[in-house]
Amino acid sequence: MSDKKGVQQIVMALAALGLKEVVICPGSRNAPFVISFNRHPGFHCTSIRDERSAAFFALGKALELNQPVAVLCTSGSAALNFAPAIAEAYYQRIPLIVLTADRPKIWTDQGDGQTINQTDIYKNYIRKSYELNGDATTENDLWYMARCLSEGYHLAACSDKGPVHFNIPVSEPIYGTAIADKKQTPRIFREIEIEKRIPEKEIERMAQQFSESKKVMLLIGQHRPDKKLQKVIQQISKFENVAVLTESTSNIHDESFVENIDRCITHLNEKDAEELMPDLLITAGGAIVSKRIKKLLRDASPKYHWNVHEGDSTMDTYQSLTSAVATEPVPFFQQLLNHIKPRSSDYNGKWQQLKNEKEKLHQQFCEQVAFSDFKVFHTIFNTLPSSIHFHLANSSVIRYTQLFDHSKTASAWSNRGTCGIDGSTSTAVGAAMASPKKKFVLISGDIAFHYDKNAFWTESEIKNLNVVVINNGGGGIFRIIPGPDTIAEREKFIETEMTASAEHLAVHYGWNYMALKEETQLKNTLKEFFTVATTKTILEIFTDANQNSFVLEQYWKFLKEKK
Ligand SMILES: Cc1ncc(C[n+]2csc(CCOP(=O)(O)OP(=O)(O)O)c2C)c(N)n1
């Protein structure tokens, strides 16, 4: 290992705490850590050059493995480049252990190269930041480091999931090595996870609210696939007064769920809106994509709103929160299920009727729809085999996905913590590398794809990822949301029209490339892409920006007028 006792202590403590994956960015100041992580048998190290991409890659791995992943960089602006992924991890509550090497503090702001003030550098987006001394040698200092690492690791992994930062100044010389002192076993501690149960009196009060409500809406946001969650929500959905609304990223499915929210609620008249909005809203999971359901619920202001979330239960997205339930959804819903009684209501029936009507109209529209982004998504979701794990870039990709039957996806994920376009590809690459037996497909717009092209700048072999790039000549989202079309600056400054393709990039990084420009080959090409295409294939589908917005507008009109 490095001959620095402080560095040895940090690396050995992280090993003892259970860390396995370390993503390493190049540099010199972090060399003592590079040496120590790489030579320690407990770690799998991946080298990624671009720090922004590396941190998203680590996020994708942590997401997939459901355990902390560390990302390490040298001092200076390298550390700042971790920031976008740290913010994403913060809002998605994904455990990232951020390790930044630093120069000795006495040299901050004294004209030394690659030296910036790294203390609290991520202060708004981090669960906790620690300063550790890589040059530490005394027993007390070494104990202090192991204590901070234990606390931070468990914070990230369990008690307040998310990113935790350790900034570690080390002085020169930095390349010395030594046999680690076996007697120097860091004394770490573990935090015991507590199973939370709602007190009986409370759950009875809540069950009472449930039973008195003729209209109960369960709205499930982004959640990793969870069979137990699916099962308990299916059980609750059998109650007549319950409607369950989900999105592609909820990753739970059932015939009785309303899985295409916007399809059902766009253009609701006042009477229907009143009938369909709940008396009791129960939310669980992370981000909700649909802006329309947020607006409807805010306007409706349900009598009760319970937000069931281990860490963000007090988030009052719908301006109507009455109970913040700070627990995991599965035990809560299981407990609730034991207390609630059926009551007669036509609420579920009304939602099912609406859903079926819109489903028919949707199918009719799809049968005659012209070649466009809409048609591409329709064909993707009609062709995909059930074994594929999707990563969906922001922004029109994740929105189109909500309009189609996504029940066949093995899983769907999107960086909806900050909704950035800066790391979708790197996240997908990280997830794919973490689960080599699964098949992944990233669907991305052209701008998001080019933004994060350094995701492919890795020597590690990617074996289970393909990419669909929807090239609509710029930020297509700005043609399908209201507003940008009212200003002259749209094309140049907002949509940022562009003509580049992904072809040269594919060649540059040794990926296969397929292009599709017309409808005739769409179905067959997608079938081939999903089933036959070898991995590391980029399929670029070119669509017309004007046509895309026109078709989507027609779709909403069709759903409304044909009622
Ligand atoms: C880092 C970052 N910068 C800017 C934005 C604003 N933004 C949201 S979507 C988008 C355009 C995305 O275009 P593209 O990837 O082509 O996808 P499309 O909308 O065409 O599906 C932009 C610039 C953002 N979300 N994140």
# chains A, B, ... in the order shown; residues from 1 in each chain; ligands from 1

call {"tool": "residues_near_ligand", "arguments": {"ligand": "ligand 1", "cutoff": "9 Å", "atoms": "only C-alpha atoms and all ligand atoms", "output": "PyMOL selection string"}}
result
chain A and resi 84+373+393-400+418-423+444-451+469-480+494-496+545

call {"tool": "residues_around", "arguments": {"residues": "Ser2 of chain A", "least_positions_apart": "5", "cutoff": "9 Å", "atoms": "only C-alpha atoms", "output": "list in words"}}
result
Val7, Gln8, Ala31, Pro32, Phe33, Val34, Ile35, Ser36, Ile174, Tyr175, Gly176, Thr177, Ala178, Ile179 and Ala180 of chain A

call {"tool": "atom_distance", "arguments": {"atom1": "atom CA of Ala300 of chain A", "atom2": "atom CA of Ser248 of chain A"}}
result
24.2 Å

call {"tool": "closest_atom_pairs", "arguments": {"of": "segment 5-101 of chain A", "to": "segment 431-442 of chain A", "cutoff": "6 Å", "atoms": "only C-alpha atoms", "output": "JSON lines"}}
result
{"residue": "A:Gly60", "atom": "CA", "partner": "A:Ala431", "partner_atom": "CA", "distance": 4.4}
{"residue": "A:Lys61", "atom": "CA", "partner": "A:Ala431", "partner_atom": "CA", "distance": 4.7}
{"residue": "A:Glu64", "atom": "CA", "partner": "A:Ala431", "partner_atom": "CA", "distance": 5.3}

call {"tool": "select_by_dssp", "arguments": {"residues": "segment 314-561 of chain A", "states": "strand (DSSP E or B)", "output": "PyMOL selection string"}}
result
chain A and resi 323-325+388-392+411-413+439-445+465-471+512-516+537-542

call {"tool": "residues_around", "arguments": {"residues": "Asn466 of chain A", "least_positions_apart": "2", "cutoff": "8 Å", "atoms": "only C-alpha atoms", "output": "number ranges by chain"}}
result
A: 440-442, 464, 468, 535-539

call {"tool": "write_last_selection", "arguments": {"atoms": "all heavy atoms", "output": "compact mmCIF listing (two decimals), in the first residue's frame"}}
result
# COMPACT_ATOMS: atom_id res chain seq x y z
N PHE A 440 -28.86 -4.20 -21.22
CA PHE A 440 -29.29 -2.81 -21.03
C PHE A 440 -29.46 -2.11 -22.37
O PHE A 440 -28.69 -2.36 -23.31
CB PHE A 440 -28.25 -2.03 -20.21
CG PHE A 440 -28.23 -2.41 -18.76
CD1 PHE A 440 -27.55 -3.53 -18.31
CD2 PHE A 440 -28.92 -1.64 -17.82
CE1 PHE A 440 -27.53 -3.89 -16.97
CE2 PHE A 440 -28.91 -1.99 -16.47
CZ PHE A 440 -28.21 -3.11 -16.05
N VAL A 441 -30.45 -1.22 -22.42
CA VAL A 441 -30.57 -0.32 -23.56
C VAL A 441 -30.75 1.09 -23.01
O VAL A 441 -31.59 1.32 -22.14
CB VAL A 441 -31.77 -0.70 -24.47
CG1 VAL A 441 -32.06 0.42 -25.47
CG2 VAL A 441 -31.50 -2.00 -25.22
N LEU A 442 -29.93 2.01 -23.53
CA LEU A 442 -30.13 3.43 -23.20
C LEU A 442 -30.87 4.06 -24.36
O LEU A 442 -30.49 3.86 -25.52
CB LEU A 442 -28.76 4.11 -23.04
CG LEU A 442 -28.78 5.65 -23.08
CD1 LEU A 442 -29.38 6.24 -21.80
CD2 LEU A 442 -27.38 6.21 -23.30
N ASN A 464 -22.74 -5.42 -22.53
CA ASN A 464 -24.18 -5.67 -22.41
C ASN A 464 -25.01 -4.40 -22.52
O ASN A 464 -26.01 -4.25 -21.84
CB ASN A 464 -24.48 -6.38 -21.07
CG ASN A 464 -23.92 -5.59 -19.90
OD1 ASN A 464 -23.00 -4.78 -20.04
ND2 ASN A 464 -24.47 -5.81 -18.73
N VAL A 468 -30.03 3.58 -28.23
CA VAL A 468 -30.85 4.17 -29.29
C VAL A 468 -30.74 5.68 -29.14
O VAL A 468 -31.03 6.22 -28.06
CB VAL A 468 -32.35 3.78 -29.15
CG1 VAL A 468 -33.18 4.42 -30.26
CG2 VAL A 468 -32.53 2.27 -29.15
N THR A 535 -23.75 -6.56 -28.87
CA THR A 535 -23.70 -5.43 -27.95
C THR A 535 -22.82 -4.31 -28.53
O THR A 535 -22.20 -4.48 -29.56
CB THR A 535 -23.19 -5.91 -26.59
OG1 THR A 535 -23.33 -4.84 -25.67
CG2 THR A 535 -21.76 -6.35 -26.65
N LYS A 536 -22.80 -3.19 -27.83
CA LYS A 536 -22.05 -2.02 -28.27
C LYS A 536 -22.53 -1.55 -29.64
O LYS A 536 -21.72 -1.35 -30.55
CB LYS A 536 -20.54 -2.30 -28.30
CG LYS A 536 -19.93 -2.35 -26.91
CD LYS A 536 -18.46 -2.63 -26.93
CE LYS A 536 -17.63 -1.44 -27.32
NZ LYS A 536 -16.19 -1.69 -27.19
N THR A 537 -23.84 -1.46 -29.78
CA THR A 537 -24.39 -0.95 -31.03
C THR A 537 -25.16 0.33 -30.73
O THR A 537 -25.97 0.37 -29.81
CB THR A 537 -25.34 -1.99 -31.67
OG1 THR A 537 -24.58 -3.16 -31.95
CG2 THR A 537 -25.96 -1.47 -32.95
N ILE A 538 -24.88 1.35 -31.54
CA ILE A 538 -25.67 2.58 -31.46
C ILE A 538 -26.61 2.59 -32.65
O ILE A 538 -26.16 2.52 -33.81
CB ILE A 538 -24.75 3.82 -31.50
CG1 ILE A 538 -23.85 3.85 -30.26
CG2 ILE A 538 -25.59 5.10 -31.59
CD1 ILE A 538 -22.74 4.89 -30.31
N LEU A 539 -27.90 2.62 -32.37
CA LEU A 539 -28.90 2.76 -33.44
C LEU A 539 -29.39 4.19 -33.41
O LEU A 539 -29.99 4.63 -32.42
CB LEU A 539 -30.06 1.79 -33.20
CG LEU A 539 -31.32 2.03 -34.04
CD1 LEU A 539 -31.04 1.87 -35.54
CD2 LEU A 539 -32.44 1.09 -33.62

call {"tool": "residues_around", "arguments": {"residues": "Gly18 of chain A", "least_positions_apart": "6", "cutoff": "10 Å", "atoms": "only C-alpha atoms", "output": "ChimeraX atom specification"}}
result
/A:42-43,67-68,153

call {"tool": "residues_around", "arguments": {"residues": "segment 123-140 of chain A", "least_positions_apart": "6", "cutoff": "7 Å", "atoms": "only C-alpha atoms", "output": "PyMOL selection string"}}
result
chain A and resi 4-7+86-87+90+162-171

call {"tool": "closest_residue", "arguments": {"among": "A:Leu149, A:Ala156, A:Val244, A:Leu142", "to": "Pro95 of chain A", "atoms": "only C-alpha atoms"}}
result
A:Ala156

call {"tool": "residues_around", "arguments": {"residues": "segment 235-237 of chain A", "least_positions_apart": "2", "cutoff": "12 Å", "atoms": "only C-alpha atoms", "output": "ChimeraX atom specification"}}
result
/A:210,215-219,228-233,239-246,253-258,282,330,332-342,347-349,351-352

call {"tool": "closest_residue", "arguments": {"among": "A:Gln402, A:Gln9, A:Thr534, A:Gln209", "to": "Asp181 of chain A", "atoms": "only C-alpha atoms"}}
result
A:Gln9

call {"tool": "select_by_dssp", "arguments": {"residues": "segment 188-304 of chain A", "states": "helix (DSSP H, G or I)", "output": "MDAnalysis selection string"}}
result
chainID A and resid 200:212 227:237 248:250 261:265 270:276 291:300

call {"tool": "decode", "arguments": {"residues": "segment 199-237 of chain A", "atoms": "N, CA and C atoms", "output": "short mmCIF file (atom, residue, chain, number, x, y, z; two decimals), in the first residue's frame"}}
result
data_model
loop_
_atom_site.label_atom_id
_atom_site.label_comp_id
_atom_site.auth_asym_id
_atom_site.auth_seq_id
_atom_site.Cartn_x
_atom_site.Cartn_y
_atom_site.Cartn_z
N PRO A 199 -46.88 3.13 15.14
CA PRO A 199 -47.60 2.73 16.35
C PRO A 199 -49.06 2.39 16.03
N GLU A 200 -49.60 1.39 16.74
CA GLU A 200 -50.95 0.90 16.47
C GLU A 200 -52.00 2.02 16.42
N LYS A 201 -51.89 2.94 17.40
CA LYS A 201 -52.88 4.02 17.47
C LYS A 201 -52.87 4.86 16.18
N GLU A 202 -51.64 5.11 15.69
CA GLU A 202 -51.50 5.93 14.48
C GLU A 202 -52.06 5.20 13.26
N ILE A 203 -51.71 3.92 13.17
CA ILE A 203 -52.12 3.19 11.96
C ILE A 203 -53.64 3.03 11.95
N GLU A 204 -54.23 2.93 13.12
CA GLU A 204 -55.70 2.86 13.18
C GLU A 204 -56.33 4.19 12.76
N ARG A 205 -55.68 5.27 13.17
CA ARG A 205 -56.17 6.60 12.76
C ARG A 205 -56.08 6.74 11.23
N MET A 206 -54.98 6.24 10.70
CA MET A 206 -54.79 6.34 9.26
C MET A 206 -55.78 5.43 8.52
N ALA A 207 -55.98 4.23 9.07
CA ALA A 207 -56.94 3.30 8.44
C ALA A 207 -58.34 3.91 8.44
N GLN A 208 -58.64 4.67 9.48
CA GLN A 208 -59.93 5.36 9.57
C GLN A 208 -60.05 6.38 8.44
N GLN A 209 -58.99 7.14 8.23
CA GLN A 209 -59.00 8.13 7.13
C GLN A 209 -59.16 7.42 5.79
N PHE A 210 -58.50 6.28 5.67
CA PHE A 210 -58.58 5.49 4.43
C PHE A 210 -60.03 5.08 4.18
N SER A 211 -60.67 4.56 5.23
CA SER A 211 -62.02 4.01 5.06
C SER A 211 -63.07 5.09 4.87
N GLU A 212 -62.82 6.25 5.45
CA GLU A 212 -63.82 7.32 5.28
C GLU A 212 -63.69 7.97 3.89
N SER A 213 -62.55 7.71 3.20
CA SER A 213 -62.34 8.35 1.90
C SER A 213 -62.95 7.50 0.79
N LYS A 214 -63.84 8.13 0.03
CA LYS A 214 -64.45 7.43 -1.10
C LYS A 214 -63.45 7.30 -2.24
N LYS A 215 -62.48 8.23 -2.23
CA LYS A 215 -61.53 8.26 -3.34
C LYS A 215 -60.10 8.29 -2.78
N VAL A 216 -59.41 7.17 -2.95
CA VAL A 216 -58.02 7.09 -2.47
C VAL A 216 -57.11 6.88 -3.67
N MET A 217 -56.17 7.78 -3.86
CA MET A 217 -55.22 7.61 -4.97
C MET A 217 -53.85 7.25 -4.43
N LEU A 218 -53.29 6.15 -4.96
CA LEU A 218 -51.90 5.80 -4.64
C LEU A 218 -51.06 6.22 -5.84
N LEU A 219 -50.14 7.11 -5.64
CA LEU A 219 -49.30 7.60 -6.73
C LEU A 219 -47.86 7.17 -6.43
N ILE A 220 -47.33 6.28 -7.28
CA ILE A 220 -46.01 5.71 -6.98
C ILE A 220 -44.96 6.32 -7.92
N GLY A 221 -43.97 6.96 -7.34
CA GLY A 221 -42.91 7.59 -8.14
C GLY A 221 -41.76 6.62 -8.44
N GLN A 222 -40.62 7.18 -8.80
CA GLN A 222 -39.47 6.34 -9.20
C GLN A 222 -39.07 5.39 -8.07
N HIS A 223 -38.92 4.12 -8.41
CA HIS A 223 -38.60 3.11 -7.41
C HIS A 223 -37.87 1.97 -8.11
N ARG A 224 -36.87 1.42 -7.44
CA ARG A 224 -36.19 0.27 -8.07
C ARG A 224 -37.18 -0.90 -8.11
N PRO A 225 -37.05 -1.83 -9.08
CA PRO A 225 -37.97 -2.95 -9.16
C PRO A 225 -38.04 -3.67 -7.82
N ASP A 226 -39.26 -3.96 -7.36
CA ASP A 226 -39.42 -4.53 -6.03
C ASP A 226 -40.72 -5.37 -6.04
N LYS A 227 -40.53 -6.68 -6.08
CA LYS A 227 -41.69 -7.59 -6.17
C LYS A 227 -42.60 -7.46 -4.95
N LYS A 228 -42.00 -7.20 -3.80
CA LYS A 228 -42.81 -7.07 -2.59
C LYS A 228 -43.70 -5.82 -2.66
N LEU A 229 -43.12 -4.76 -3.17
CA LEU A 229 -43.90 -3.52 -3.30
C LEU A 229 -45.04 -3.76 -4.29
N GLN A 230 -44.70 -4.40 -5.41
CA GLN A 230 -45.71 -4.68 -6.42
C GLN A 230 -46.87 -5.48 -5.81
N LYS A 231 -46.51 -6.49 -5.03
CA LYS A 231 -47.54 -7.37 -4.47
C LYS A 231 -48.47 -6.62 -3.50
N VAL A 232 -47.88 -5.87 -2.61
CA VAL A 232 -48.73 -5.20 -1.60
C VAL A 232 -49.59 -4.12 -2.26
N ILE A 233 -49.06 -3.45 -3.27
CA ILE A 233 -49.86 -2.42 -3.97
C ILE A 233 -50.98 -3.11 -4.77
N GLN A 234 -50.67 -4.27 -5.35
CA GLN A 234 -51.71 -5.03 -6.05
C GLN A 234 -52.84 -5.36 -5.09
N GLN A 235 -52.47 -5.77 -3.88
CA GLN A 235 -53.50 -6.14 -2.89
C GLN A 235 -54.37 -4.93 -2.53
N ILE A 236 -53.72 -3.80 -2.34
CA ILE A 236 -54.49 -2.60 -1.97
C ILE A 236 -55.35 -2.13 -3.15
N SER A 237 -54.85 -2.37 -4.35
CA SER A 237 -55.59 -1.89 -5.53
C SER A 237 -56.93 -2.61 -5.71
#
